[in-house]
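Engineer: The following file, data-v7.txt, comprises compact mmCIF, C-alpha atoms and all ligand atoms:
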# COMPACT_ATOMS: atom_id res chain seq x y z
CA MET A 1 23.47 -11.89 -2.00
CA LYS A 2 20.10 -11.07 -3.63
CA LEU A 3 18.18 -8.19 -2.06
CA HIS A 4 15.19 -10.29 -1.01
CA TRP A 5 17.43 -12.71 0.93
CA GLN A 6 19.20 -9.83 2.61
CA ILE A 7 15.86 -8.35 3.68
CA LEU A 8 14.48 -11.69 4.84
CA ILE A 9 17.53 -12.36 6.98
CA ALA A 10 17.29 -8.85 8.39
CA ILE A 11 13.65 -9.47 9.37
CA LEU A 12 14.38 -12.82 11.05
CA LEU A 13 17.34 -11.42 12.97
CA ALA A 14 15.26 -8.42 13.97
CA ILE A 15 12.51 -10.62 15.40
CA LEU A 16 15.06 -12.53 17.48
CA VAL A 17 16.76 -9.41 18.72
CA GLY A 18 13.48 -7.55 19.18
CA ILE A 19 12.08 -10.18 21.56
CA MET A 20 15.12 -9.71 23.79
CA THR A 21 15.03 -5.93 23.77
CA VAL A 22 13.33 -4.03 26.55
CA PRO A 23 11.09 -1.24 25.20
CA GLU A 24 12.37 2.29 25.88
CA SER A 25 15.89 0.95 26.61
CA ALA A 26 18.95 2.52 25.01
CA ILE A 27 19.09 -0.16 22.31
CA TYR A 28 15.44 0.43 21.54
CA GLU A 29 16.22 4.11 21.02
CA ILE A 30 18.98 3.13 18.58
CA TYR A 31 16.57 1.02 16.52
CA ASP A 32 14.17 3.90 16.59
CA PHE A 33 16.86 6.30 15.41
CA ILE A 34 18.06 4.12 12.52
CA GLY A 35 14.53 3.18 11.49
CA THR A 36 13.41 6.80 11.44
CA MET A 37 16.46 7.89 9.42
CA PHE A 38 15.72 5.22 6.85
CA LEU A 39 12.03 6.10 6.62
CA ASN A 40 12.91 9.77 6.31
CA ALA A 41 15.24 9.01 3.42
CA LEU A 42 12.50 7.07 1.66
CA LYS A 43 9.97 9.80 2.21
CA MET A 44 12.49 12.33 0.96
CA VAL A 45 12.73 10.66 -2.46
CA ILE A 46 9.02 9.96 -2.95
CA VAL A 47 7.78 13.37 -4.12
CA PRO A 48 10.54 14.16 -6.65
CA LEU A 49 10.80 10.52 -7.80
CA ILE A 50 7.11 10.13 -8.48
CA MET A 51 6.61 13.59 -9.95
CA SER A 52 9.57 13.37 -12.32
CA SER A 53 8.80 9.87 -13.47
CA ILE A 54 5.13 10.59 -14.10
CA ILE A 55 5.90 13.88 -15.86
CA SER A 56 8.61 12.50 -18.10
CA SER A 57 6.70 9.42 -19.11
CA MET A 58 3.41 11.27 -19.64
CA ALA A 59 5.21 13.61 -22.01
CA GLY A 60 6.25 10.57 -24.03
CA LEU A 61 2.71 9.21 -24.23
CA ASN A 62 1.65 11.23 -27.18
CA HIS A 63 -1.54 9.64 -28.29
CA GLY A 64 -4.69 10.53 -26.41
CA ASP A 65 -5.89 7.03 -27.23
CA SER A 66 -3.24 5.03 -25.46
CA LEU A 67 -3.55 7.24 -22.40
CA GLY A 68 -7.31 6.81 -22.13
CA ARG A 69 -6.95 3.08 -22.66
CA LEU A 70 -4.26 2.78 -20.00
CA GLY A 71 -6.36 4.82 -17.58
CA LEU A 72 -9.46 2.71 -18.12
CA LYS A 73 -7.61 -0.57 -17.72
CA THR A 74 -5.93 0.69 -14.57
CA MET A 75 -9.19 1.78 -12.98
CA ALA A 76 -10.98 -1.43 -14.01
CA TYR A 77 -8.25 -3.63 -12.54
CA TYR A 78 -8.02 -1.65 -9.32
CA THR A 79 -11.75 -1.58 -8.66
CA MET A 80 -12.23 -5.23 -9.50
CA THR A 81 -9.44 -6.58 -7.30
CA SER A 82 -10.41 -4.40 -4.34
CA LEU A 83 -13.98 -5.64 -4.61
CA LEU A 84 -12.85 -9.26 -4.82
CA ALA A 85 -10.70 -8.75 -1.73
CA ILE A 86 -13.61 -7.26 0.22
CA LEU A 87 -15.89 -10.13 -0.77
CA ILE A 88 -13.35 -12.70 0.41
CA GLY A 89 -13.12 -10.94 3.77
CA LEU A 90 -16.90 -10.63 4.02
CA THR A 91 -17.43 -14.31 3.33
CA LEU A 92 -14.84 -15.43 5.85
CA VAL A 93 -15.97 -13.11 8.63
CA ASN A 94 -19.52 -14.41 8.16
CA ILE A 95 -18.20 -17.94 8.63
CA THR A 96 -15.77 -17.44 11.52
CA LEU A 97 -17.91 -14.84 13.39
CA PRO A 98 -15.03 -13.41 15.49
CA GLY A 99 -17.34 -10.97 17.28
CA ILE A 100 -19.60 -13.74 18.61
CA ILE A 101 -18.44 -15.98 21.45
CA ASP A 102 -20.65 -18.89 22.58
CA GLY A 103 -23.52 -17.54 20.54
CA GLN A 104 -23.43 -14.15 22.29
CA PRO A 105 -22.07 -10.81 21.05
CA ALA A 106 -18.60 -10.55 22.54
CA GLY A 107 -18.79 -6.84 23.38
CA ASP A 108 -18.43 -7.30 27.16
CA LEU A 109 -15.80 -10.01 26.94
CA LEU A 110 -13.72 -7.85 24.67
CA ASN A 111 -14.13 -4.93 27.00
CA LEU A 112 -15.27 -2.71 24.18
CA ASN A 113 -15.24 0.50 26.16
CA THR A 114 -11.54 1.01 25.82
CA ASN A 115 -9.81 4.13 26.89
CA SER A 116 -11.20 6.87 24.71
CA ALA A 117 -8.29 9.25 25.30
CA GLU A 118 -6.00 6.72 23.65
CA VAL A 119 -8.43 6.32 20.78
CA ALA A 120 -8.64 10.04 20.28
CA SER A 121 -4.87 10.44 20.23
CA THR A 122 -4.43 7.63 17.69
CA LEU A 123 -7.09 9.08 15.48
CA SER A 124 -5.53 12.50 15.51
CA GLN A 125 -2.20 10.87 14.62
CA VAL A 126 -3.38 8.83 11.66
CA GLU A 127 -5.69 11.45 10.42
CA GLY A 128 -3.13 14.22 10.32
CA ARG A 129 -5.05 16.17 7.75
CA GLY A 130 -8.58 15.93 9.10
CA SER A 131 -9.78 13.81 6.23
CA LYS A 132 -12.49 12.15 8.27
CA ASP A 133 -15.18 12.84 5.82
CA LEU A 134 -15.53 10.63 2.77
CA VAL A 135 -16.26 13.47 0.36
CA GLU A 136 -13.35 15.45 1.72
CA ILE A 137 -11.00 12.63 0.77
CA PHE A 138 -11.99 12.95 -2.86
CA VAL A 139 -12.15 16.74 -2.97
CA ARG A 140 -8.46 16.71 -2.10
CA MET A 141 -7.72 14.97 -5.34
CA ILE A 142 -7.53 18.40 -6.93
CA PRO A 143 -5.09 20.31 -4.71
CA THR A 144 -5.51 24.04 -4.33
CA ASN A 145 -1.80 24.37 -3.68
CA ILE A 146 0.61 21.81 -5.06
CA VAL A 147 3.42 22.81 -2.73
CA GLU A 148 1.16 22.15 0.23
CA ALA A 149 0.05 18.85 -1.28
CA ALA A 150 3.70 17.83 -1.66
CA SER A 151 4.64 18.88 1.85
CA GLU A 152 1.71 16.98 3.34
CA GLY A 153 2.36 13.91 1.21
CA GLN A 154 -1.04 14.05 -0.48
CA MET A 155 -0.08 11.76 -3.29
CA LEU A 156 -3.37 11.76 -5.14
CA GLY A 157 -3.28 15.52 -5.62
CA LEU A 158 0.35 15.43 -6.70
CA ILE A 159 -0.26 12.64 -9.16
CA PHE A 160 -3.17 14.55 -10.65
CA PHE A 161 -1.03 17.64 -11.16
CA SER A 162 1.92 15.66 -12.53
CA LEU A 163 -0.31 13.88 -15.03
CA LEU A 164 -1.60 17.22 -16.30
CA PHE A 165 1.85 18.79 -16.36
CA GLY A 166 3.39 15.89 -18.27
CA PHE A 167 0.52 15.72 -20.70
CA PHE A 168 0.74 19.37 -21.67
CA MET A 169 4.52 19.48 -21.56
CA GLY A 170 4.40 16.87 -24.30
CA ARG A 171 2.53 19.42 -26.36
CA VAL A 172 4.99 22.31 -26.09
CA GLU A 173 6.57 22.64 -29.49
CA GLY A 174 10.04 23.58 -30.66
CA ARG A 175 13.24 23.96 -28.72
CA ARG A 176 11.45 24.99 -25.52
CA GLY A 177 9.53 21.74 -25.44
CA GLU A 178 12.67 19.73 -26.09
CA VAL A 179 14.64 21.44 -23.35
CA LEU A 180 11.80 20.91 -20.90
CA ARG A 181 11.41 17.24 -21.72
CA ASP A 182 15.13 16.68 -21.55
CA PHE A 183 15.31 18.43 -18.20
CA TRP A 184 12.59 16.27 -16.65
CA LYS A 185 14.15 13.11 -18.03
CA GLY A 186 17.40 14.14 -16.37
CA VAL A 187 15.64 14.81 -13.08
CA ALA A 188 13.92 11.41 -13.29
CA LYS A 189 17.21 9.66 -13.94
CA THR A 190 18.88 11.46 -11.03
CA MET A 191 16.05 10.48 -8.71
CA VAL A 192 16.40 6.85 -9.74
CA LEU A 193 20.09 6.98 -8.82
CA ILE A 194 19.36 8.59 -5.45
CA THR A 195 16.68 5.98 -4.78
CA GLN A 196 19.08 3.15 -5.59
CA PHE A 197 21.54 4.64 -3.18
CA VAL A 198 18.97 4.92 -0.37
CA LEU A 199 17.80 1.36 -1.01
CA LYS A 200 21.30 0.04 -0.37
CA PHE A 201 20.46 0.67 3.28
CA ALA A 202 17.19 -1.24 3.12
CA PRO A 203 18.29 -4.33 5.08
CA LEU A 204 19.67 -2.19 7.90
CA GLY A 205 16.64 0.11 7.99
CA ILE A 206 14.24 -2.81 7.92
CA PHE A 207 16.15 -4.57 10.68
CA ALA A 208 15.75 -1.51 12.90
CA LEU A 209 12.06 -1.03 12.11
CA ILE A 210 11.12 -4.64 12.84
CA ALA A 211 13.26 -4.95 15.96
CA LYS A 212 11.58 -1.83 17.31
CA THR A 213 8.06 -3.08 16.54
CA VAL A 214 8.65 -6.52 18.04
CA SER A 215 10.14 -5.13 21.22
CA ALA A 216 7.33 -2.59 21.60
CA THR A 217 4.36 -4.89 21.00
CA GLY A 218 5.49 -8.41 21.88
CA PHE A 219 3.07 -11.24 21.14
CA ASN A 220 0.90 -11.61 24.25
CA ALA A 221 -1.59 -8.89 23.52
CA PHE A 222 -3.13 -10.82 20.66
CA GLU A 223 -4.69 -13.73 22.52
CA PRO A 224 -8.24 -12.47 23.09
CA MET A 225 -8.51 -11.55 19.47
CA LEU A 226 -7.11 -14.65 17.86
CA VAL A 227 -10.19 -15.49 15.79
CA PHE A 228 -10.29 -11.98 14.36
CA LEU A 229 -6.54 -12.07 13.72
CA PHE A 230 -6.75 -15.35 11.85
CA THR A 231 -9.82 -14.33 9.87
CA VAL A 232 -7.92 -11.35 8.51
CA ILE A 233 -4.71 -13.30 7.91
CA ILE A 234 -6.43 -16.16 6.09
CA SER A 235 -8.51 -13.79 3.94
CA LEU A 236 -5.39 -11.81 3.01
CA ALA A 237 -3.56 -15.03 2.16
CA LEU A 238 -6.44 -16.27 -0.03
CA HIS A 239 -6.39 -13.01 -1.93
CA ALA A 240 -2.62 -12.78 -2.34
CA PHE A 241 -1.88 -16.44 -3.02
CA ILE A 242 -4.96 -17.59 -4.90
CA VAL A 243 -6.99 -14.76 -6.44
CA LEU A 244 -4.13 -12.56 -7.65
CA PRO A 245 -2.02 -15.49 -8.94
CA LEU A 246 -5.07 -16.75 -10.89
CA LEU A 247 -5.42 -13.31 -12.46
CA LEU A 248 -1.70 -13.28 -13.29
CA LYS A 249 -1.92 -16.72 -14.84
CA PHE A 250 -5.11 -16.41 -16.83
CA VAL A 251 -5.40 -12.70 -17.60
CA GLY A 252 -1.75 -11.64 -17.66
CA ARG A 253 -0.44 -15.03 -18.85
CA VAL A 254 2.66 -14.79 -16.69
CA SER A 255 4.05 -17.06 -14.00
CA PRO A 256 2.76 -16.06 -10.54
CA ILE A 257 5.87 -17.57 -8.95
CA LYS A 258 8.16 -15.37 -11.00
CA GLN A 259 6.08 -12.36 -10.05
CA ILE A 260 6.26 -13.20 -6.34
CA VAL A 261 10.04 -13.64 -6.56
CA ALA A 262 10.44 -10.41 -8.54
CA MET A 263 8.36 -8.38 -6.11
CA SER A 264 9.51 -10.01 -2.87
CA PRO A 265 11.88 -7.20 -1.80
CA ALA A 266 9.03 -4.68 -2.15
CA MET A 267 6.61 -6.91 -0.26
CA LEU A 268 9.10 -7.40 2.56
CA MET A 269 9.70 -3.68 2.68
CA ALA A 270 5.93 -3.08 2.80
CA PHE A 271 5.77 -5.56 5.66
CA SER A 272 8.46 -3.70 7.58
CA THR A 273 7.28 -0.15 6.99
CA ALA A 274 3.48 -0.70 6.91
CA SER A 275 3.34 2.07 4.34
CA SER A 276 2.72 1.61 0.64
CA SER A 277 3.88 5.18 0.00
CA ALA A 278 7.22 4.64 1.69
CA THR A 279 7.60 1.37 -0.24
CA LEU A 280 6.84 2.96 -3.61
CA PRO A 281 10.46 3.77 -4.54
CA LEU A 282 11.39 0.10 -4.10
CA THR A 283 8.22 -1.12 -5.82
CA MET A 284 9.17 1.03 -8.83
CA GLN A 285 12.65 -0.47 -8.86
CA CYS A 286 11.43 -4.05 -8.62
CA ILE A 287 8.74 -3.70 -11.25
CA GLN A 288 11.20 -2.23 -13.77
CA LYS A 289 14.46 -3.97 -12.95
CA ARG A 290 13.21 -7.35 -11.80
CA ALA A 291 9.91 -7.80 -13.64
CA GLY A 292 10.93 -5.83 -16.73
CA VAL A 293 7.91 -3.53 -17.09
CA SER A 294 8.67 -0.43 -19.18
CA ARG A 295 9.08 2.89 -17.46
CA LYS A 296 6.14 4.25 -19.46
CA THR A 297 3.64 1.77 -18.03
CA ALA A 298 5.20 1.50 -14.57
CA SER A 299 5.21 5.21 -13.91
CA PHE A 300 1.58 5.59 -14.82
CA VAL A 301 0.10 2.49 -13.19
CA LEU A 302 2.19 2.08 -10.03
CA PRO A 303 2.03 5.47 -8.31
CA LEU A 304 -1.71 5.52 -8.91
CA GLY A 305 -1.94 2.01 -7.51
CA ALA A 306 0.07 2.83 -4.40
CA THR A 307 -2.42 5.58 -3.70
CA VAL A 308 -5.80 4.28 -4.79
CA ASN A 309 -5.50 0.50 -4.98
CA MET A 310 -5.45 -1.05 -1.54
CA ASP A 311 -6.84 -4.55 -1.63
CA GLY A 312 -5.49 -5.55 1.76
CA THR A 313 -6.81 -2.36 3.32
CA ALA A 314 -10.28 -2.76 1.79
CA LEU A 315 -10.45 -6.35 2.99
CA TYR A 316 -9.27 -5.43 6.48
CA GLU A 317 -11.72 -2.55 6.81
CA CYS A 318 -14.59 -4.84 5.91
CA VAL A 319 -13.60 -7.63 8.32
CA ALA A 320 -12.88 -5.18 11.14
CA ALA A 321 -16.19 -3.34 10.75
CA MET A 322 -18.09 -6.64 10.61
CA PHE A 323 -16.22 -7.88 13.69
CA ILE A 324 -17.17 -4.81 15.69
CA ALA A 325 -20.75 -4.90 14.46
CA GLN A 326 -21.00 -8.55 15.52
CA ALA A 327 -19.49 -7.77 18.92
CA TYR A 328 -22.08 -5.03 19.51
CA GLY A 329 -24.84 -7.44 18.53
CA LEU A 330 -25.88 -5.37 15.52
CA GLU A 331 -28.40 -6.93 13.13
CA LEU A 332 -26.29 -7.63 10.06
CA GLY A 333 -28.84 -7.56 7.27
CA PHE A 334 -28.16 -7.07 3.59
CA ILE A 335 -28.33 -3.27 3.74
CA THR A 336 -25.77 -3.04 6.54
CA GLN A 337 -23.38 -5.45 4.87
CA PHE A 338 -23.79 -3.68 1.55
CA THR A 339 -23.04 -0.34 3.20
CA ILE A 340 -19.90 -1.81 4.76
CA VAL A 341 -18.71 -3.16 1.39
CA LEU A 342 -19.36 0.09 -0.42
CA VAL A 343 -17.77 2.37 2.16
CA ALA A 344 -14.80 0.01 2.51
CA LEU A 345 -14.26 0.18 -1.24
CA LEU A 346 -14.51 3.97 -1.38
CA THR A 347 -12.38 4.66 1.66
CA SER A 348 -9.69 2.21 0.56
CA ILE A 349 -9.36 4.34 -2.57
CA GLY A 350 -9.17 7.55 -0.58
CA VAL A 351 -6.94 6.76 2.40
CA ALA A 352 -3.23 7.52 2.27
CA GLY A 353 -0.60 4.78 2.07
CA ILE A 354 0.69 5.41 5.58
CA PRO A 355 0.72 3.21 8.70
CA ALA A 356 -2.64 2.75 10.42
CA ALA A 357 -4.53 4.72 7.80
CA SER A 358 -7.27 2.09 7.83
CA LEU A 359 -8.27 3.11 11.33
CA VAL A 360 -9.54 6.43 10.01
CA ALA A 361 -11.47 4.67 7.28
CA ILE A 362 -13.00 2.29 9.81
CA THR A 363 -14.33 5.22 11.81
CA VAL A 364 -16.08 6.38 8.63
CA ILE A 365 -17.63 2.91 8.20
CA LEU A 366 -18.67 2.65 11.86
CA GLY A 367 -20.28 6.08 11.55
CA ALA A 368 -22.11 4.99 8.41
CA ILE A 369 -23.67 1.98 10.13
CA GLY A 370 -24.34 3.85 13.36
CA LEU A 371 -21.84 2.31 15.77
CA PRO A 372 -19.78 4.16 18.40
CA LEU A 373 -16.16 4.87 17.52
CA GLU A 374 -14.79 3.57 20.83
CA ALA A 375 -14.29 0.13 19.31
CA ILE A 376 -11.28 1.47 17.44
CA GLY A 377 -9.37 1.04 20.71
CA LEU A 378 -9.84 -2.70 20.44
CA LEU A 379 -8.48 -2.79 16.91
CA LEU A 380 -5.33 -1.01 18.08
CA VAL A 381 -4.19 -4.19 19.80
CA THR A 382 -3.70 -6.13 16.59
CA ASP A 383 -3.37 -3.23 14.21
CA ARG A 384 0.37 -3.14 13.72
CA ILE A 385 0.84 -6.74 12.68
CA LEU A 386 -2.24 -6.69 10.46
CA ASP A 387 -1.10 -3.38 8.99
CA MET A 388 2.20 -4.98 7.98
CA LEU A 389 0.41 -7.85 6.29
CA ARG A 390 -2.27 -5.82 4.54
CA THR A 391 0.28 -3.33 3.25
CA SER A 392 2.25 -6.20 1.62
CA VAL A 393 -0.96 -7.30 -0.07
CA ASN A 394 -1.65 -3.73 -1.20
CA VAL A 395 1.79 -3.51 -2.79
CA PHE A 396 1.56 -6.95 -4.38
CA SER A 397 -1.77 -6.15 -5.96
CA ASP A 398 -0.42 -2.88 -7.44
CA ALA A 399 2.46 -4.84 -8.91
CA CYS A 400 0.18 -7.55 -10.34
CA GLY A 401 -1.98 -4.86 -11.95
CA THR A 402 1.07 -3.23 -13.48
CA VAL A 403 2.31 -6.51 -14.94
CA ILE A 404 -1.11 -7.49 -16.31
CA ILE A 405 -1.59 -4.08 -17.89
CA ALA A 406 1.95 -4.06 -19.30
CA LYS A 407 1.33 -7.43 -20.94
CA SER A 408 -1.94 -6.20 -22.41
CA GLU A 409 -0.04 -3.22 -23.84
CA GLY A 410 2.19 -5.61 -25.76
CA GLU A 411 5.17 -5.79 -23.38
CA SER A 412 5.66 -9.47 -24.11
CA TRP A 413 9.03 -9.69 -22.37
CA VAL A 414 7.61 -8.96 -18.89
CA LEU A 415 8.58 -11.69 -16.39
CA ASN A 416 9.72 -13.75 -19.31
CA GLN A 417 13.25 -12.76 -20.02
CA ASP A 418 16.85 -12.99 -19.02
CA SER A 419 17.97 -10.32 -16.64
CA GLU A 420 19.97 -8.30 -19.17
CA VAL A 421 16.85 -7.51 -21.16
CA VAL A 422 15.12 -6.45 -17.98
CA GLU A 423 17.93 -4.09 -17.11
CA ALA A 424 17.72 -2.44 -20.50
CA VAL A 425 13.96 -2.23 -20.79
CA GLY A 426 13.14 -1.42 -17.22
CA ASP A 427 15.34 1.59 -17.25
N1 LIG B 1 -0.73 0.96 5.90
C1 LIG B 1 -1.53 0.77 4.73
C2 LIG B 1 -0.74 1.15 3.51
O1 LIG B 1 0.13 1.98 3.54
C3 LIG B 1 -2.81 1.52 4.77
C4 LIG B 1 -3.66 0.93 5.86
O2 LIG B 1 -4.39 -0.03 5.57
O3 LIG B 1 -3.60 1.38 7.00
O4 LIG B 1 -0.94 0.63 2.44
In structure tokens, what does this structure look like?
Structural biologist:
Amino acid sequence: MKLHWQILIAILLAILVGIMTVPESAIYEIYDFIGTMFLNALKMVIVPLIMSSIISSMAGLNHGDSLGRLGLKTMAYYTMTSLLAILIGLTLVNITLPGIIDGQPAGDLLNLNTNSAEVASTLSQVEGRGSKDLVEIFVRMIPTNIVEAASEGQMLGLIFFSLLFGFFMGRVEGRRGEVLRDFWKGVAKTMVLITQFVLKFAPLGIFALIAKTVSATGFNAFEPMLVFLFTVIISLALHAFIVLPLLLKFVGRVSPIKQIVAMSPAMLMAFSTASSSATLPLTMQCIQKRAGVSRKTASFVLPLGATVNMDGTALYECVAAMFIAQAYGLELGFITQFTIVLVALLTSIGVAGIPAASLVAITVILGAIGLPLEAIGLLLVTDRILDMLRTSVNVFSDACGTVIIAKSEGESWVLNQDSEVVEAVGD
């Protein structure tokens, strides 16, 4: 059975089973155990997989020209789609006004003064590395210690180092250079094999993760926030099923349907893990094996995308900040809305691809427009489900960017081939 069907069935079964499971029961602990093992295995492969694939493909990119061109295209695509996503969210939240009930700010109704101890503990969890400050997020792009960056999962710093390492390794001449390049190619190949092995367990791991989430959160908590929930869901859907497919069709000249089918296992995995970093190994597999993008393009564009390009996150941050501002009765003039858009764009670039990372970014936005941080407590209620959805959109957008850029680099076979060609090229 195809991987995406296996994963889909696992998710449906998990929802059924999850509803019947009592939180903190023995079965719940088993889901937790299996889910954590699976996530650990994914996290284990990320650093060596990404480093070796970036290093070995950078070394092959010999011309300064093609590198600069690839970099520019990547940045242009990522900034543009994130901005489009934010604008969709902004438009919808201005229409649906989730923070206003019967013409009045809904602050009291929503009981905005939620337990601040809980808020504080969540923040310390998601933050992990104290990256509250916007500037700080970017300063970390150049790591002072690459081992520390690797152990803390700071992907941006690692990517930066790997790009440099690969670039200069390509310039080492003679036998030394050859041995080095051969070595890194071998490491990259080994990591691909390990990743394939880990991904064999994807349906089981995903089953456990979803069953655990469903049994822990249930569905009742969402009611008071339905308008907000639907505003985010509809905006995400517009972006993923209209804007990105239009870009695929008219800029990339590929079939959006084929792209959705090719990337569906990665999107389902993103949905289950709520982490674009943890999904990256599978995204890499899908983009090469199922969509047929070359390793050279995929290993430059995708890891960067998983770290800096978060359309769903940017959109969510904007809608959430607007929602809270409406609920507090804040005057939402042009300056405030512009600030929200700008900070949402910047923080979506800087936050890590881990669950609930947006909450940290939203505190930065709330600070920037002068609102108290307590409101984060309210967002916690719907955060998990929206996190799952926005992470799928994040991953899909990275994949669309990779395909569009690959096509523009002359990879005419992308999404337009029989599977044997894909196997050969993608590898
Ligand atoms: N969970 C998201 C991701 O990994 C980030 C976020 O929006 O919280 O892509």
Engineer: Can you build me a table of chain A residues sitting at most 9 Å from ligand LIG 1 (chain B), with the closest atom pair per residue and its distance in Å to one decimal, using only C-alpha atoms and all ligand atoms, sorted by chain and residue number, as a tab-separated table?
Structural biologist:
residue	atom	partner	partner_atom	distance
A:Val126	CA	B:LIG1	O3	8.8
A:Ala270	CA	B:LIG1	O1	7.7
A:Thr273	CA	B:LIG1	N1	8.2
A:Ala274	CA	B:LIG1	N1	4.6
A:Ser275	CA	B:LIG1	O1	3.3
A:Ser276	CA	B:LIG1	O1	3.9
A:Ser277	CA	B:LIG1	O1	6.1
A:Ala278	CA	B:LIG1	O1	7.8
A:Thr279	CA	B:LIG1	O1	8.4
A:Ala306	CA	B:LIG1	O4	7.3
A:Thr307	CA	B:LIG1	O4	8.0
A:Asn309	CA	B:LIG1	O4	8.7
A:Met310	CA	B:LIG1	O4	6.2
A:Asp311	CA	B:LIG1	O4	8.8
A:Gly312	CA	B:LIG1	O2	6.8
A:Thr313	CA	B:LIG1	O2	4.0
A:Ala314	CA	B:LIG1	O2	7.5
A:Tyr316	CA	B:LIG1	O2	7.3
A:Glu317	CA	B:LIG1	O2	7.8
A:Ser348	CA	B:LIG1	O2	7.6
A:Val351	CA	B:LIG1	C3	7.1
A:Ala352	CA	B:LIG1	C3	6.5
A:Gly353	CA	B:LIG1	O1	3.2
A:Ile354	CA	B:LIG1	O1	4.0
A:Pro355	CA	B:LIG1	N1	3.9
A:Ala356	CA	B:LIG1	O3	3.8
A:Ala357	CA	B:LIG1	O3	3.6
A:Ser358	CA	B:LIG1	O3	3.8
A:Leu359	CA	B:LIG1	O3	6.6
A:Val360	CA	B:LIG1	O3	8.4
A:Ala361	CA	B:LIG1	O3	8.5
A:Asp383	CA	B:LIG1	O3	8.6
A:Arg384	CA	B:LIG1	N1	8.9
A:Leu386	CA	B:LIG1	O2	8.5
A:Asp387	CA	B:LIG1	N1	5.3
A:Met388	CA	B:LIG1	N1	6.9
A:Leu389	CA	B:LIG1	N1	8.9
A:Arg390	CA	B:LIG1	O2	6.3
A:Thr391	CA	B:LIG1	O4	4.2
A:Ser392	CA	B:LIG1	O4	7.6
A:Val393	CA	B:LIG1	O4	8.3
A:Asn394	CA	B:LIG1	O4	5.7
A:Val395	CA	B:LIG1	O4	7.2
Engineer: Within 9 Å of (-13.0, 5.2, 15.1) (file coordinates; only C-alpha atoms), which protein or nucleic acid residues are there? I'd like them as an MDAnalysis selection string.
Structural biologist: chainID A and resid 119:120 123 359:367 372:377
Engineer: For His239 of chain A, which residue among A:Ser162, A:Ser82, A:Ser57, A:Gln6 is the nearest when counting only C-alpha atoms?
Structural biologist: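 Ranked by minimum distance to His239 of chain A, first place goes to A:Ser82.
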Engineer: Give me, as JSON lines, each residue of segment 34-69 of chain A that comes within 10 Å of segment 168-186 of chain A, together with its shortest interatomic pair and the distance in Å at one decimal, counting all atoms listed in the file, with rows ordered by chain and rising residue number.
Structural biologist:
{"residue": "A:Met51", "atom": "CA", "partner": "A:Trp184", "partner_atom": "CA", "distance": 9.4}
{"residue": "A:Ser52", "atom": "CA", "partner": "A:Trp184", "partner_atom": "CA", "distance": 6.0}
{"residue": "A:Ser53", "atom": "CA", "partner": "A:Lys185", "partner_atom": "CA", "distance": 7.7}
{"residue": "A:Ile54", "atom": "CA", "partner": "A:Trp184", "partner_atom": "CA", "distance": 9.7}
{"residue": "A:Ile55", "atom": "CA", "partner": "A:Trp184", "partner_atom": "CA", "distance": 7.1}
{"residue": "A:Ser56", "atom": "CA", "partner": "A:Lys185", "partner_atom": "CA", "distance": 5.6}
{"residue": "A:Ser57", "atom": "CA", "partner": "A:Lys185", "partner_atom": "CA", "distance": 8.4}
{"residue": "A:Met58", "atom": "CA", "partner": "A:Gly170", "partner_atom": "CA", "distance": 7.4}
{"residue": "A:Ala59", "atom": "CA", "partner": "A:Gly170", "partner_atom": "CA", "distance": 4.1}
{"residue": "A:Gly60", "atom": "CA", "partner": "A:Gly170", "partner_atom": "CA", "distance": 6.6}
{"residue": "A:Leu61", "atom": "CA", "partner": "A:Gly170", "partner_atom": "CA", "distance": 7.8}
{"residue": "A:Asn62", "atom": "CA", "partner": "A:Gly170", "partner_atom": "CA", "distance": 6.9}
Engineer: Tell me which protein, DNA and RNA residues are within 12 Å of Asn416 of chain A, counting only C-alpha atoms, leaving out same-chain ones fewer than 4 positions away, and put them as a ChimeraX atom specification.
Structural biologist: /A:252-259,262,290-293,403,407,411-412,420-422
Engineer: Would you mind listing what lies within 10 Å of segment 154-159 of chain A as a PyMOL selection string, with all atoms listed in the file counted and same-chain residues fewer than 4 positions away left out?
Structural biologist: chain A and resi 46-47+50-51+54-55+129+137-150+163-165+277+300+303-304+306-308+349-353
Engineer: Can you tell me, as a PyMOL selection string, what residues are no more than 12 Å from Leu199 of chain A when counting only C-alpha atoms, ignoring any on the same chain fewer than 2 positions away?
Structural biologist: chain A and resi 3-4+6-7+38-39+41-43+45+192-197+201-206+265-266+269+278-286
